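Everything on this sheet refers to the single structure shown next.
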Amino acid sequence: VHQARSACTGSSGINAEYGGLTSSGIYRINGNNASIQRIRFKFEHDEPVNLREDEFDINMLTGLIKLFLRELPEPVIPFSQYAAIEHAIRLPNIADTLDTFRSVYNDLPPPNKSTLEYIIRHLVRVANIKENLMTANSLSIIFGPSLLGNYPDKAKLLVDLPNQNKAVELFIVHYKAILYNVSQV
């Protein structure tokens, strides 16, 4: 996980090599599936990945990240936390919502917690680059279902999507308050 995460979002991945963060519509366009599967194979078989030598583009890297998150057996924010997230979104006071999100975040297993922090910090960087035209809301639509997963109750899926998106948008916009308990006033 760490090797894939660093290769795709670190200094040799999206951020630097491919004009990544400034790429218009980053994460909206999927890359070539054959390229995605080729690099996925390398990661799964612990083969070295050198993004400078291999011919990968920004859309392939972002597609790989989305695929990885979609295929996790349980989402980064586990199903067991979904009810708390759903409840928090409906609270009338944003401070209470953020407190609940902070509790959910703090209760995550260490691998989930570090992965969520890494992803949210990356998405904050993406959202802060005006050239890419990707707002926190746009990114939340893409990452809501991946970070919170398709809750097992498929009958609620259409109802759940806006909640998932709103939750991820709040994580991006209020990341300092949620992840680090720092006021963002």
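Each chain in the structure tokens gets a letter, A, B and so on, in the order shown; residues start at 1 in every chain, and ligands are counted from 1 in the order they appear.
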
### Task
Extract the full set of helix (DSSP H, G or I) residues from region 65-166 of chain A according to DSSP on the backbone, and format it as a PyMOL selection string.
chain A and resi 65-70+79-89+94-107+110-127+130-132+136-148+154-166

### Task
For each of A:Asp96, A:Glu169, A:Arg102, A:Glu71, take the minimum atom-to-atom distance to Val182 (chain A), counting only C-alpha atoms, then give the residue where this is smallest.
A:Arg102

### Point-to-point distance from CA of Val76 (chain A) to CA of Glu131 (chain A), Å rounded to tenths
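These atoms are spaced 28.4 Å apart.
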
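Surrounding region 107-113 of chain A within 12 Å are Val1, His2, Leu69, Leu72, Glu74, Pro75, Val76, Ile77, Pro78, Phe79, Ser80, Gln81, Tyr82, Ala84, Thr100, Phe101, Arg102, Tyr118, Ile119, Ile120, Leu147, Leu148, Ile178 and Leu179 of chain A, with only C-alpha atoms counted and residues fewer than 5 positions along the same chain left out.
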
10 Å contact set for Ile129 (chain A), only C-alpha atoms, chain neighbours under 6 positions out, as a PDB file with all heavy atoms, in the first residue's frame:
```pdb
ATOM      1  N   LEU A  21      -0.819  17.999 -10.586  1.00  0.00           N
ATOM      2  CA  LEU A  21      -1.797  18.763  -9.831  1.00  0.00           C
ATOM      3  C   LEU A  21      -2.447  19.861 -10.658  1.00  0.00           C
ATOM      4  O   LEU A  21      -3.551  20.288 -10.352  1.00  0.00           O
ATOM      5  CB  LEU A  21      -1.157  19.356  -8.573  1.00  0.00           C
ATOM      6  CG  LEU A  21      -0.721  18.357  -7.513  1.00  0.00           C
ATOM      7  CD1 LEU A  21      -0.119  19.081  -6.314  1.00  0.00           C
ATOM      8  CD2 LEU A  21      -1.859  17.467  -7.076  1.00  0.00           C
ATOM      9  N   THR A  22      -1.784  20.305 -11.698  1.00  0.00           N
ATOM     10  CA  THR A  22      -2.367  21.351 -12.534  1.00  0.00           C
ATOM     11  C   THR A  22      -3.120  20.792 -13.744  1.00  0.00           C
ATOM     12  O   THR A  22      -3.694  21.546 -14.512  1.00  0.00           O
ATOM     13  CB  THR A  22      -1.274  22.325 -13.033  1.00  0.00           C
ATOM     14  OG1 THR A  22      -0.313  21.594 -13.790  1.00  0.00           O
ATOM     15  CG2 THR A  22      -0.603  23.045 -11.872  1.00  0.00           C
ATOM     16  N   SER A  23      -3.139  19.492 -13.888  1.00  0.00           N
ATOM     17  CA  SER A  23      -3.842  18.860 -15.005  1.00  0.00           C
ATOM     18  C   SER A  23      -5.342  19.119 -14.898  1.00  0.00           C
ATOM     19  O   SER A  23      -5.974  18.765 -13.903  1.00  0.00           O
ATOM     20  CB  SER A  23      -3.558  17.358 -15.014  1.00  0.00           C
ATOM     21  OG  SER A  23      -4.234  16.737 -16.072  1.00  0.00           O
ATOM     22  N   SER A  24      -5.904  19.716 -15.904  1.00  0.00           N
ATOM     23  CA  SER A  24      -7.322  20.071 -15.888  1.00  0.00           C
ATOM     24  C   SER A  24      -8.197  18.834 -15.696  1.00  0.00           C
ATOM     25  O   SER A  24      -8.085  17.857 -16.420  1.00  0.00           O
ATOM     26  CB  SER A  24      -7.699  20.769 -17.197  1.00  0.00           C
ATOM     27  OG  SER A  24      -9.056  21.143 -17.170  1.00  0.00           O
ATOM     28  N   THR A 135     -12.676  21.326  -7.517  1.00  0.00           N
ATOM     29  CA  THR A 135     -13.015  21.860  -6.210  1.00  0.00           C
ATOM     30  C   THR A 135     -13.150  20.718  -5.205  1.00  0.00           C
ATOM     31  O   THR A 135     -13.181  19.546  -5.586  1.00  0.00           O
ATOM     32  CB  THR A 135     -14.354  22.606  -6.280  1.00  0.00           C
ATOM     33  OG1 THR A 135     -15.385  21.669  -6.637  1.00  0.00           O
ATOM     34  CG2 THR A 135     -14.306  23.753  -7.304  1.00  0.00           C
TER      35      THR A 135
END
```

### Task
Determine, counting only C-alpha atoms, which protein, DNA and RNA residues have an atom within 10 Å of an atom of Asn30 (chain A); residues of the same chain fewer than 2 positions away are not included. Present the result as an MDAnalysis selection string.
chainID A and resid 26:28 32:33 36 58:64 66:67

#### Entry: Length of the CA of Ser103 (chain A) to CA of Ala127 (chain A) vector [Å]
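Taking CA of Ser103 (chain A) and CA of Ala127 (chain A), their separation equals 24.3 Å.
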